[in-house]
$ cat start-v5.cif   # mmCIF, C-alpha atoms
data_target
loop_
_atom_site.label_atom_id
_atom_site.label_comp_id
_atom_site.auth_asym_id
_atom_site.auth_seq_id
_atom_site.Cartn_x
_atom_site.Cartn_y
_atom_site.Cartn_z
CA MET A 1 0.00 0.00 0.00
CA ALA A 2 1.51 3.31 -1.07
CA GLN A 3 2.31 5.76 1.66
CA THR A 4 1.10 9.32 1.46
CA ARG A 5 3.11 12.31 2.63
CA THR A 6 1.79 15.51 4.07
CA PRO A 7 3.48 18.49 2.44
CA ALA A 8 5.61 20.50 4.83
CA ALA A 9 4.48 24.03 5.57
CA GLU A 10 5.75 26.43 2.96
CA PRO A 11 8.77 28.34 4.25
CA SER A 12 8.61 32.11 4.30
CA ILE A 13 11.51 34.28 3.29
CA ASP A 14 12.44 36.74 6.03
CA VAL A 15 13.30 40.08 4.41
CA ASP A 16 14.87 41.27 7.68
CA ASP A 17 17.35 38.40 7.89
CA VAL A 18 20.01 40.56 6.24
CA SER A 19 23.26 42.31 7.05
CA ARG A 20 22.83 46.04 7.64
CA VAL A 21 24.56 48.96 9.29
CA LEU A 22 21.64 51.42 9.27
CA ASP A 23 18.26 50.45 10.64
CA GLN A 24 14.97 51.69 9.24
CA ASN A 25 15.20 54.85 11.35
CA GLY A 26 18.75 55.68 10.30
CA GLU A 27 20.41 54.48 13.51
CA ARG A 28 23.93 53.08 13.14
CA LEU A 29 24.25 49.40 13.96
CA PRO A 30 27.50 47.51 14.61
CA ASN A 31 28.21 44.80 12.06
CA ALA A 32 31.29 42.61 12.35
CA ASP A 33 31.18 41.60 8.69
CA LEU A 34 30.70 45.06 7.18
CA ASP A 35 32.26 47.61 9.53
CA ARG A 36 35.84 47.14 8.35
CA PHE A 37 34.80 47.93 4.79
CA LEU A 38 33.38 51.27 5.94
CA ALA A 39 36.44 52.35 7.90
CA GLY A 40 37.57 55.75 6.70
CA MET A 41 34.27 56.68 5.05
CA ASP A 42 33.73 60.34 5.91
CA VAL A 43 30.69 62.58 5.93
CA ALA A 44 31.50 64.02 2.51
CA GLU A 45 31.41 60.54 0.95
CA MET A 46 28.08 59.78 2.58
CA GLU A 47 26.71 63.11 1.37
CA GLY A 48 27.79 62.10 -2.12
CA LEU A 49 25.84 58.86 -1.81
CA TYR A 50 22.77 60.79 -0.69
CA ARG A 51 23.10 63.31 -3.52
CA ASP A 52 23.42 60.58 -6.14
CA MET A 53 20.38 58.69 -4.84
CA VAL A 54 18.23 61.84 -4.93
CA VAL A 55 19.35 62.70 -8.47
CA VAL A 56 18.78 59.14 -9.66
CA ARG A 57 15.25 59.24 -8.28
CA ARG A 58 14.66 62.48 -10.19
CA ILE A 59 15.98 60.97 -13.43
CA ASP A 60 13.65 58.04 -12.85
CA ALA A 61 10.63 60.27 -12.21
CA GLU A 62 11.41 62.35 -15.31
CA GLY A 63 11.70 59.19 -17.40
CA MET A 64 8.30 58.03 -16.18
CA ALA A 65 6.75 61.41 -17.03
CA LEU A 66 8.35 61.53 -20.47
CA GLN A 67 6.98 58.10 -21.28
CA ARG A 68 3.48 59.06 -20.16
CA GLN A 69 3.72 62.14 -22.38
CA GLY A 70 4.57 60.06 -25.45
CA GLN A 71 8.25 60.95 -25.65
CA LEU A 72 9.47 57.44 -24.77
CA ALA A 73 8.06 54.08 -25.79
CA LEU A 74 8.83 52.46 -22.44
CA TRP A 75 10.59 53.09 -19.14
CA ALA A 76 11.78 50.64 -16.46
CA PRO A 77 11.73 52.51 -13.13
CA CYS A 78 14.09 51.92 -10.22
CA GLN A 79 12.35 53.84 -7.42
CA GLY A 80 13.16 52.15 -4.12
CA GLN A 81 16.30 50.48 -5.46
CA GLU A 82 18.56 53.55 -5.40
CA ALA A 83 20.68 52.32 -2.47
CA ALA A 84 21.33 48.90 -4.01
CA GLN A 85 22.47 50.53 -7.26
CA VAL A 86 24.26 53.68 -6.11
CA GLY A 87 25.93 52.00 -3.12
CA THR A 88 27.37 49.06 -5.03
CA ALA A 89 28.40 51.21 -8.01
CA HIS A 90 30.31 53.62 -5.76
CA ALA A 91 32.52 50.76 -4.59
CA VAL A 92 33.45 49.61 -8.11
CA ARG A 93 36.77 50.76 -9.54
CA SER A 94 36.70 52.83 -12.72
CA ASP A 95 38.56 50.17 -14.75
CA ASP A 96 36.27 47.37 -13.63
CA PHE A 97 33.62 46.46 -16.21
CA ILE A 98 29.89 46.32 -15.45
CA PHE A 99 27.23 44.28 -17.23
CA PRO A 100 23.77 45.64 -16.28
CA SER A 101 20.20 44.81 -17.08
CA TYR A 102 17.71 47.47 -18.22
CA ARG A 103 16.85 48.87 -14.75
CA GLU A 104 20.28 50.02 -13.53
CA ILE A 105 19.67 53.76 -13.80
CA GLY A 106 21.66 54.38 -10.63
CA VAL A 107 24.62 52.31 -11.77
CA ASN A 108 24.82 54.09 -15.13
CA TYR A 109 24.55 57.50 -13.47
CA VAL A 110 27.37 56.79 -11.02
CA ARG A 111 29.54 55.54 -13.89
CA GLY A 112 29.09 58.82 -15.76
CA ALA A 113 26.55 58.11 -18.50
CA GLU A 114 25.35 61.27 -20.26
CA LEU A 115 21.78 62.21 -19.44
CA VAL A 116 20.53 61.73 -22.99
CA ASP A 117 21.94 58.19 -22.88
CA PHE A 118 19.18 57.26 -20.44
CA VAL A 119 16.42 57.90 -22.98
CA ARG A 120 17.74 57.16 -26.47
CA ALA A 121 17.15 53.42 -26.21
CA TRP A 122 13.61 53.88 -24.92
CA ARG A 123 12.85 56.08 -27.96
CA GLY A 124 14.37 53.58 -30.39
CA GLU A 125 16.91 56.10 -31.66
CA GLU A 126 20.02 55.29 -33.66
CA HIS A 127 23.16 54.82 -31.58
CA SER A 128 20.71 54.41 -28.75
CA SER A 129 23.08 54.03 -25.83
CA PHE A 130 26.46 55.10 -24.51
CA ASN A 131 29.79 53.85 -25.82
CA PRO A 132 30.52 50.99 -23.38
CA TYR A 133 34.23 51.79 -23.32
CA ASP A 134 33.67 55.41 -22.29
CA ILE A 135 32.33 54.36 -18.90
CA ASN A 136 33.21 50.64 -18.78
CA VAL A 137 29.57 49.58 -18.73
CA ALA A 138 28.10 47.22 -21.31
CA THR A 139 24.98 48.16 -23.22
CA PRO A 140 21.94 47.46 -20.98
CA GLN A 141 20.66 43.94 -21.57
CA ILE A 142 16.98 43.30 -22.24
CA ILE A 143 17.22 39.49 -22.43
CA ILE A 144 16.71 38.38 -18.85
CA GLY A 145 19.95 37.10 -17.31
CA ALA A 146 22.04 37.00 -20.50
CA GLN A 147 24.44 39.65 -19.15
CA THR A 148 25.68 37.27 -16.46
CA LEU A 149 27.29 35.05 -19.10
CA HIS A 150 28.84 38.10 -20.76
CA ALA A 151 30.30 39.15 -17.42
CA VAL A 152 31.85 35.76 -16.77
CA GLY A 153 33.36 35.70 -20.26
CA TYR A 154 34.87 39.12 -19.68
CA ALA A 155 36.19 37.99 -16.29
CA MET A 156 37.90 35.00 -17.91
CA GLY A 157 39.50 37.47 -20.32
CA ILE A 158 40.78 39.44 -17.31
CA GLN A 159 42.42 36.24 -16.09
CA ASN A 160 44.20 35.85 -19.41
CA ASP A 161 45.36 39.47 -19.22
CA GLU A 162 46.62 38.83 -15.69
CA THR A 163 45.26 42.09 -14.28
CA ASP A 164 43.31 42.73 -11.07
CA GLN A 165 40.18 44.09 -12.74
CA VAL A 166 36.80 42.64 -11.84
CA ALA A 167 33.64 42.13 -13.89
CA VAL A 168 30.34 42.97 -12.19
CA THR A 169 26.87 41.95 -13.31
CA TYR A 170 23.43 43.07 -12.08
CA PHE A 171 20.17 41.16 -12.38
CA GLY A 172 16.85 40.74 -10.58
CA ASP A 173 15.32 37.96 -8.52
CA GLY A 174 13.32 36.76 -11.52
CA ALA A 175 16.51 36.24 -13.52
CA THR A 176 17.72 33.66 -11.01
CA SER A 177 15.20 31.26 -12.54
CA GLN A 178 16.89 31.58 -15.93
CA GLY A 179 19.34 28.98 -17.12
CA ASP A 180 21.82 31.66 -18.20
CA VAL A 181 22.37 32.83 -14.62
CA ASN A 182 22.98 29.34 -13.32
CA GLU A 183 25.28 28.49 -16.23
CA ALA A 184 27.22 31.70 -15.59
CA MET A 185 27.69 30.75 -11.95
CA ILE A 186 28.95 27.28 -12.92
CA PHE A 187 31.54 28.76 -15.30
CA ALA A 188 32.55 31.44 -12.79
CA SER A 189 33.06 28.90 -10.03
CA SER A 190 34.82 26.31 -12.19
CA PHE A 191 37.32 28.81 -13.54
CA ARG A 192 37.52 31.00 -10.41
CA ALA A 193 36.67 33.98 -12.57
CA PRO A 194 36.93 37.46 -10.97
CA VAL A 195 33.25 38.38 -11.26
CA VAL A 196 30.70 39.73 -8.78
CA PHE A 197 27.05 38.75 -9.14
CA VAL A 198 24.63 41.36 -7.76
CA CYS A 199 21.06 40.15 -7.43
CA GLN A 200 18.65 42.99 -6.68
CA ASN A 201 15.83 41.08 -5.04
CA ASN A 202 13.03 43.63 -5.47
CA GLN A 203 10.39 41.06 -4.45
CA TRP A 204 8.54 40.94 -7.78
CA ALA A 205 9.46 39.43 -11.17
CA ILE A 206 6.82 41.40 -13.06
CA SER A 207 3.68 39.96 -11.37
CA GLU A 208 5.36 36.90 -9.86
CA PRO A 209 6.35 37.23 -6.16
CA VAL A 210 9.81 36.13 -5.12
CA THR A 211 8.26 33.46 -2.90
CA VAL A 212 7.34 31.63 -6.10
CA GLN A 213 10.80 32.14 -7.60
CA ALA A 214 12.55 30.91 -4.46
CA LYS A 215 11.37 29.20 -1.27
CA PHE A 216 14.51 30.18 0.61
CA PRO A 217 16.83 33.22 0.43
CA ILE A 218 18.42 33.52 -3.01
CA ALA A 219 21.87 34.16 -1.57
CA GLY A 220 21.79 30.60 -0.25
CA ARG A 221 22.08 29.23 -3.77
CA ALA A 222 25.55 30.61 -4.47
CA PRO A 223 27.46 28.40 -1.98
CA GLY A 224 26.02 25.40 -3.80
CA PHE A 225 28.06 26.53 -6.79
CA GLY A 226 31.10 27.09 -4.58
CA ILE A 227 30.59 30.87 -4.54
CA PRO A 228 30.64 32.83 -1.26
CA SER A 229 27.62 35.05 -0.80
CA MET A 230 26.27 37.85 1.36
CA ARG A 231 22.65 38.87 1.89
CA VAL A 232 22.37 42.58 2.66
CA ASP A 233 19.69 45.17 3.22
CA GLY A 234 19.35 46.66 -0.24
CA ASN A 235 17.75 49.81 1.21
CA ASP A 236 20.84 50.51 3.34
CA VAL A 237 23.27 52.28 1.05
CA LEU A 238 26.20 51.95 3.46
CA ALA A 239 25.67 48.20 3.71
CA CYS A 240 25.60 48.01 -0.09
CA VAL A 241 28.91 49.87 -0.35
CA ALA A 242 30.49 47.56 2.23
CA ALA A 243 29.11 44.37 0.67
CA MET A 244 30.47 45.32 -2.75
CA ARG A 245 33.87 46.14 -1.26
CA TRP A 246 33.87 42.69 0.34
CA ALA A 247 32.99 41.01 -2.96
CA LEU A 248 35.54 42.99 -4.96
CA GLU A 249 38.28 42.24 -2.44
CA ASN A 250 37.50 38.55 -2.73
CA ALA A 251 37.77 38.67 -6.52
CA ARG A 252 40.93 40.79 -6.65
CA LYS A 253 42.73 38.40 -4.30
CA GLY A 254 42.22 35.61 -6.81
CA ASN A 255 39.56 33.83 -4.78
CA GLY A 256 37.10 33.77 -7.65
CA PRO A 257 33.51 35.00 -7.84
CA ALA A 258 31.31 36.42 -5.10
CA TYR A 259 27.54 36.88 -4.87
CA ILE A 260 25.46 39.63 -3.27
CA GLU A 261 21.72 39.49 -2.72
CA ALA A 262 20.49 43.03 -2.06
CA VAL A 263 17.02 42.71 -0.52
CA THR A 264 15.04 45.73 -1.69
CA TYR A 265 11.69 46.62 -3.26
CA ARG A 266 10.41 47.90 -6.58
CA MET A 267 8.10 50.74 -5.56
CA GLY A 268 6.75 51.37 -9.05
CA PRO A 269 5.65 49.15 -11.94
CA HIS A 270 7.91 46.61 -13.61
CA THR A 271 7.81 48.95 -16.62
CA THR A 272 5.39 51.63 -17.74
CA ALA A 273 3.47 48.85 -19.53
CA ASP A 274 2.66 47.26 -16.16
CA ASP A 275 -0.06 47.95 -13.57
CA PRO A 276 1.21 46.64 -10.21
CA SER A 277 -2.10 47.43 -8.47
CA ARG A 278 -3.50 44.33 -10.17
CA TYR A 279 -1.23 41.99 -8.22
CA ARG A 280 0.25 43.88 -5.24
CA ASP A 281 -1.38 44.78 -1.95
CA LYS A 282 -1.21 48.50 -1.16
CA ASP A 283 -0.33 47.72 2.47
CA GLU A 284 2.79 45.92 1.27
CA VAL A 285 3.82 48.95 -0.75
CA GLU A 286 3.28 51.25 2.23
CA LEU A 287 5.35 48.96 4.44
CA TRP A 288 8.29 49.28 2.06
CA ARG A 289 7.73 53.01 1.65
CA ARG A 290 8.64 53.37 5.32
CA ARG A 291 11.96 51.67 4.50
CA ASP A 292 12.89 54.31 1.93
CA PRO A 293 16.67 54.26 1.34
CA ILE A 294 16.96 58.02 0.84
CA ALA A 295 15.04 58.90 4.01
CA ARG A 296 17.12 56.38 5.96
CA LEU A 297 20.45 57.96 5.00
CA GLU A 298 19.06 61.45 5.54
CA ALA A 299 18.09 60.51 9.10
CA TYR A 300 21.59 59.19 9.76
CA LEU A 301 23.27 62.26 8.28
CA ARG A 302 21.09 64.57 10.37
CA GLY A 303 22.08 62.63 13.47
CA ILE A 304 25.81 63.13 12.83
CA GLY A 305 25.51 66.75 11.70
CA GLY A 306 26.01 66.03 8.01
CA PHE A 307 22.68 67.34 6.78
CA ASP A 308 21.53 70.94 7.03
CA GLU A 309 19.28 73.25 5.05
CA ALA A 310 22.13 74.47 2.85
CA PHE A 311 23.02 70.90 1.87
CA ALA A 312 19.35 70.04 1.27
CA ALA A 313 18.95 73.11 -0.94
CA SER A 314 22.04 72.26 -3.01
CA VAL A 315 20.81 68.70 -3.58
CA ALA A 316 17.36 69.92 -4.58
CA GLU A 317 18.89 72.45 -6.96
CA GLU A 318 21.07 69.82 -8.61
CA SER A 319 18.14 67.43 -8.88
CA ASP A 320 16.01 70.10 -10.57
CA ARG A 321 18.84 70.98 -12.94
CA VAL A 322 19.40 67.35 -13.96
CA GLY A 323 15.68 66.78 -14.44
CA ALA A 324 15.36 69.89 -16.63
CA GLU A 325 18.42 68.94 -18.70
CA LEU A 326 17.15 65.41 -19.24
CA ARG A 327 13.79 66.72 -20.43
CA ALA A 328 15.37 69.33 -22.71
CA GLN A 329 17.77 66.82 -24.26
CA THR A 330 14.94 64.35 -24.82
CA LEU A 331 12.71 66.92 -26.52
CA ALA A 332 15.65 68.00 -28.71
CA LEU A 333 16.10 64.51 -30.16
CA THR A 334 15.09 64.20 -33.82
CA SER A 335 14.03 60.74 -34.90
CA ARG A 336 14.84 59.56 -38.39
CA PRO A 337 11.92 58.69 -40.68
CA PRO A 338 10.71 55.10 -40.07
CA ILE A 339 11.86 54.05 -43.54
CA GLY A 340 15.42 54.75 -42.36
CA VAL A 341 15.44 51.43 -40.52
CA LEU A 342 16.42 49.85 -43.86
CA ASP A 343 19.39 52.16 -44.42
CA HIS A 344 22.88 50.68 -43.97
CA VAL A 345 21.61 47.11 -43.72
CA TYR A 346 23.96 45.97 -46.48
CA ALA A 347 27.13 47.50 -47.84
CA GLU A 348 25.76 47.21 -51.40
CA PRO A 349 22.10 47.58 -52.53
CA HIS A 350 20.25 44.52 -53.80
CA SER A 351 16.81 43.66 -55.12
CA GLY A 352 15.53 41.97 -51.96
CA LEU A 353 16.12 45.10 -49.92
CA ASP A 354 14.50 47.20 -52.64
CA ARG A 355 11.34 45.08 -52.38
CA GLN A 356 11.29 45.40 -48.62
CA ARG A 357 11.71 49.15 -48.86
CA ALA A 358 8.82 49.43 -51.32
CA GLU A 359 6.55 47.26 -49.17
CA PHE A 360 7.40 49.16 -46.00
CA ALA A 361 6.92 52.51 -47.74
CA ALA A 362 3.46 51.41 -48.89
CA TYR A 363 2.62 50.35 -45.33
CA LEU A 364 3.75 53.72 -43.95
CA ASP A 365 1.70 55.54 -46.59
CA GLY A 366 -1.37 53.92 -45.07
CA PHE A 367 -0.96 56.21 -42.07
CA ALA A 368 -0.94 59.41 -44.13
CA PRO A 369 -3.89 61.76 -43.45
CA GLU A 370 -6.70 61.75 -45.99
CA PRO A 371 -6.85 64.72 -48.36
CA GLY A 372 -8.37 67.71 -46.62
CA ALA A 373 -8.07 66.16 -43.16
CA SER A 374 -6.35 68.00 -40.31
CA SER A 375 -2.67 67.08 -39.91
CA GLU A 376 -2.70 67.90 -36.21
CA GLY A 377 -1.90 64.32 -35.16
CA ALA A 378 0.56 63.47 -37.92
CA GLY A 379 3.88 62.12 -36.84
CA ARG A 380 2.92 61.36 -33.25
#
$ encode --input "start-v5.cif" --output "structure tokens"
Amino acid sequence: MAQTRTPAAEPSIDVDDVSRVLDQNGERLPNADLDRFLAGMDVAEMEGLYRDMVVVRRIDAEGMALQRQGQLALWAPCQGQEAAQVGTAHAVRSDDFIFPSYREIGVNYVRGAELVDFVRAWRGEEHSSFNPYDINVATPQIIIGAQTLHAVGYAMGIQNDETDQVAVTYFGDGATSQGDVNEAMIFASSFRAPVVFVCQNNQWAISEPVTVQAKFPIAGRAPGFGIPSMRVDGNDVLACVAAMRWALENARKGNGPAYIEAVTYRMGPHTTADDPSRYRDKDEVELWRRRDPIARLEAYLRGIGGFDEAFAASVAEESDRVGAELRAQTLALTSRPPIGVLDHVYAEPHSGLDRQRAEFAAYLDGFAPEPGASSEGAGR
């Protein structure tokens, strides 16, 4: 007679079981694992972290508004994840190479991307991103998790060059279910490649909660591949700086890859094509709003005398300036005619391309206004 088994109770993932140095109220906490990586950090450096997070949030808000106004086709917001992005990026050396996904607004800003670079891709413009070698950041990857393999390949190249550079790759909790991420971790571990994996666990893979993606903390997977890992509070920017310094030190010493799970929250939609109110409880969102990474660092800076009205005014002024410049540069972009997509496809013209051009031109002509009709909406 076959025996039946009663399923065990489903485990819950504790979002507070993380390493942190600032609590929700901005109080400094001792942390044996992280404190040594923050030694020597002065008030000016922490003010820089705060300033960057505020500016990144403004870029994000401007991108959302531009998309809603028809200037961008799509936007992937990062509100709530500023600490995980800005903190880790601040720790990375300028000659290290980063492989991001499409949401790393904060990483690209810290690395020095031009403002217009944030919007070209979302408008579908030619040359729609930065030159990767200007800021040592690869073109943002849309294919979920593919950038992790690119990072490991680059890291293996670093080994051949015998330098102490490190490759860094960012991805979300949903990407950990992709084969590419797991294959990348196998290669990284097998070859002891100098690469840091940064998983921003923002709790939702589009409409799928992380509790469906993983029954236990994601950072626990890495040791199974032979990769040391750390699970940190992704809304604590100081903890994110320290965790990245730990991971980079591990890689530079020749110990191979390291893995960081930054536990954070996506406050907005997955992209502007998403409506999170259809699958998220508003009480959950409010709970995470009280864990805001910017407010947390502000509270700490106020407590140590590093935040006054003059500093607040200068940050607000810079944020307004960046937002205005981003908007102006976006509105100044001139898109090529749609038929231009067929230009420069081949070095020499041929009949197949001529047929495609004629067919596409006929299709586009179908959108032309009828004779005598108002042209008010043409070209939108």
$ atom_distance --input "start-v5.cif" --atom1 "CA of Arg57 (chain A)" --atom2 "CA of Ser319 (chain A)"
8.7 Å
$ resolve_selection --input "start-v5.cif" --expression "the PyMOL selection byres ((chain A and resi 230-241) around 6)" --output "ChimeraX atom specification"
/A:18-21,83-84,87-88,91,219,229,242-244,260-264,293
$ residues_around --input "start-v5.cif" --residues "region 285-289 of chain A" --least-positions-apart "4" --cutoff "10 Å" --atoms "all atoms listed in the file" --output "list of chain:residue names"
A:Gly80, A:Asn235, A:Thr264, A:Tyr265, A:Arg266, A:Met267, A:Gly268, A:Ser277, A:Arg280, A:Asp281, A:Pro293, A:Ala295
$ residues_near_point --input "start-v5.cif" --point "(29.7, 56.1, -16.2)" --cutoff "10 Å" --atoms "only C-alpha atoms" --output "list in words"
Ala89, Ser94, Ile98, Gly106, Val107, Asn108, Tyr109, Val110, Arg111, Gly112, Ala113, Glu114, Phe130, Asn131, Pro132, Tyr133, Asp134, Ile135, Asn136 and Val137 of chain A
$ residues_near_point --input "start-v5.cif" --point "(37.2, 34.4, -8.1)" --cutoff "8 Å" --atoms "only C-alpha atoms" --output "number ranges by chain"
A: 188-189, 191-195, 250-258
$ closest_residue --input "start-v5.cif" --among "A:Ala368, A:Ala361, A:Ala73, A:Val198" --to "Gly340 (chain A)" --atoms "all atoms listed in the file"
A:Ala361
$ resolve_selection --input "start-v5.cif" --expression "the PyMOL selection byres ((chain A and resi 311) around 12)" --output "compact mmCIF listing (two decimals) with C-alpha atoms, keeping the file's coordinate frame"
# COMPACT_ATOMS: atom_id res chain seq x y z
CA ALA A 44 31.50 64.02 2.51
CA GLU A 47 26.71 63.11 1.37
CA GLY A 48 27.79 62.10 -2.12
CA TYR A 50 22.77 60.79 -0.69
CA ARG A 51 23.10 63.31 -3.52
CA GLU A 298 19.06 61.45 5.54
CA LEU A 301 23.27 62.26 8.28
CA ARG A 302 21.09 64.57 10.37
CA GLY A 305 25.51 66.75 11.70
CA GLY A 306 26.01 66.03 8.01
CA PHE A 307 22.68 67.34 6.78
CA ASP A 308 21.53 70.94 7.03
CA GLU A 309 19.28 73.25 5.05
CA ALA A 310 22.13 74.47 2.85
CA ALA A 312 19.35 70.04 1.27
CA ALA A 313 18.95 73.11 -0.94
CA SER A 314 22.04 72.26 -3.01
CA VAL A 315 20.81 68.70 -3.58
CA ALA A 316 17.36 69.92 -4.58
CA GLU A 317 18.89 72.45 -6.96
CA GLU A 318 21.07 69.82 -8.61
$ residues_around --input "start-v5.cif" --residues "Tyr279 (chain A)" --least-positions-apart "3" --cutoff "10 Å" --atoms "only C-alpha atoms" --output "number ranges by chain"
A: 204, 206-209, 275-276, 282
$ build_atoms --input "start-v5.cif" --residues "region 310-317 of chain A" --atoms "all heavy atoms" --output "CSV table (one decimal), in the coordinates of the input"
chain,number,residue,atom,x,y,z
A,310,ALA,N,21.3,74.1,4.0
A,310,ALA,CA,22.1,74.5,2.8
A,310,ALA,C,22.4,73.3,2.0
A,310,ALA,O,22.4,73.3,0.7
A,310,ALA,CB,23.4,75.1,3.3
A,311,PHE,N,22.8,72.1,2.6
A,311,PHE,CA,23.0,70.9,1.9
A,311,PHE,C,21.7,70.4,1.2
A,311,PHE,O,21.8,70.1,0.0
A,311,PHE,CB,23.5,69.8,2.8
A,311,PHE,CG,23.7,68.5,2.1
A,311,PHE,CD1,24.7,68.3,1.2
A,311,PHE,CD2,22.9,67.4,2.5
A,311,PHE,CE1,24.8,67.0,0.5
A,311,PHE,CE2,23.0,66.2,1.9
A,311,PHE,CZ,24.0,66.0,0.9
A,312,ALA,N,20.6,70.5,1.9
A,312,ALA,CA,19.4,70.0,1.3
A,312,ALA,C,19.0,70.9,0.1
A,312,ALA,O,18.6,70.4,-1.0
A,312,ALA,CB,18.2,70.1,2.3
A,313,ALA,N,19.3,72.2,0.2
A,313,ALA,CA,19.0,73.1,-0.9
A,313,ALA,C,19.8,72.8,-2.1
A,313,ALA,O,19.4,72.9,-3.3
A,313,ALA,CB,19.1,74.5,-0.5
A,314,SER,N,21.1,72.5,-1.9
A,314,SER,CA,22.0,72.3,-3.0
A,314,SER,C,21.7,71.0,-3.7
A,314,SER,O,21.8,70.9,-5.0
A,314,SER,CB,23.5,72.2,-2.5
A,314,SER,OG,23.7,71.0,-1.7
A,315,VAL,N,21.2,70.0,-3.0
A,315,VAL,CA,20.8,68.7,-3.6
A,315,VAL,C,19.5,68.9,-4.4
A,315,VAL,O,19.4,68.4,-5.5
A,315,VAL,CB,20.6,67.6,-2.5
A,315,VAL,CG1,20.0,66.4,-3.1
A,315,VAL,CG2,21.9,67.3,-1.8
A,316,ALA,N,18.6,69.7,-3.9
A,316,ALA,CA,17.4,69.9,-4.6
A,316,ALA,C,17.6,70.7,-5.9
A,316,ALA,O,17.0,70.4,-6.9
A,316,ALA,CB,16.4,70.7,-3.7
A,317,GLU,N,18.6,71.6,-5.8
A,317,GLU,CA,18.9,72.4,-7.0
A,317,GLU,C,19.5,71.6,-8.0
A,317,GLU,O,19.2,71.7,-9.2
A,317,GLU,CB,19.8,73.6,-6.6
A,317,GLU,CG,20.2,74.5,-7.7
A,317,GLU,CD,21.2,75.6,-7.3
A,317,GLU,OE1,21.5,75.7,-6.1
A,317,GLU,OE2,21.7,76.3,-8.2
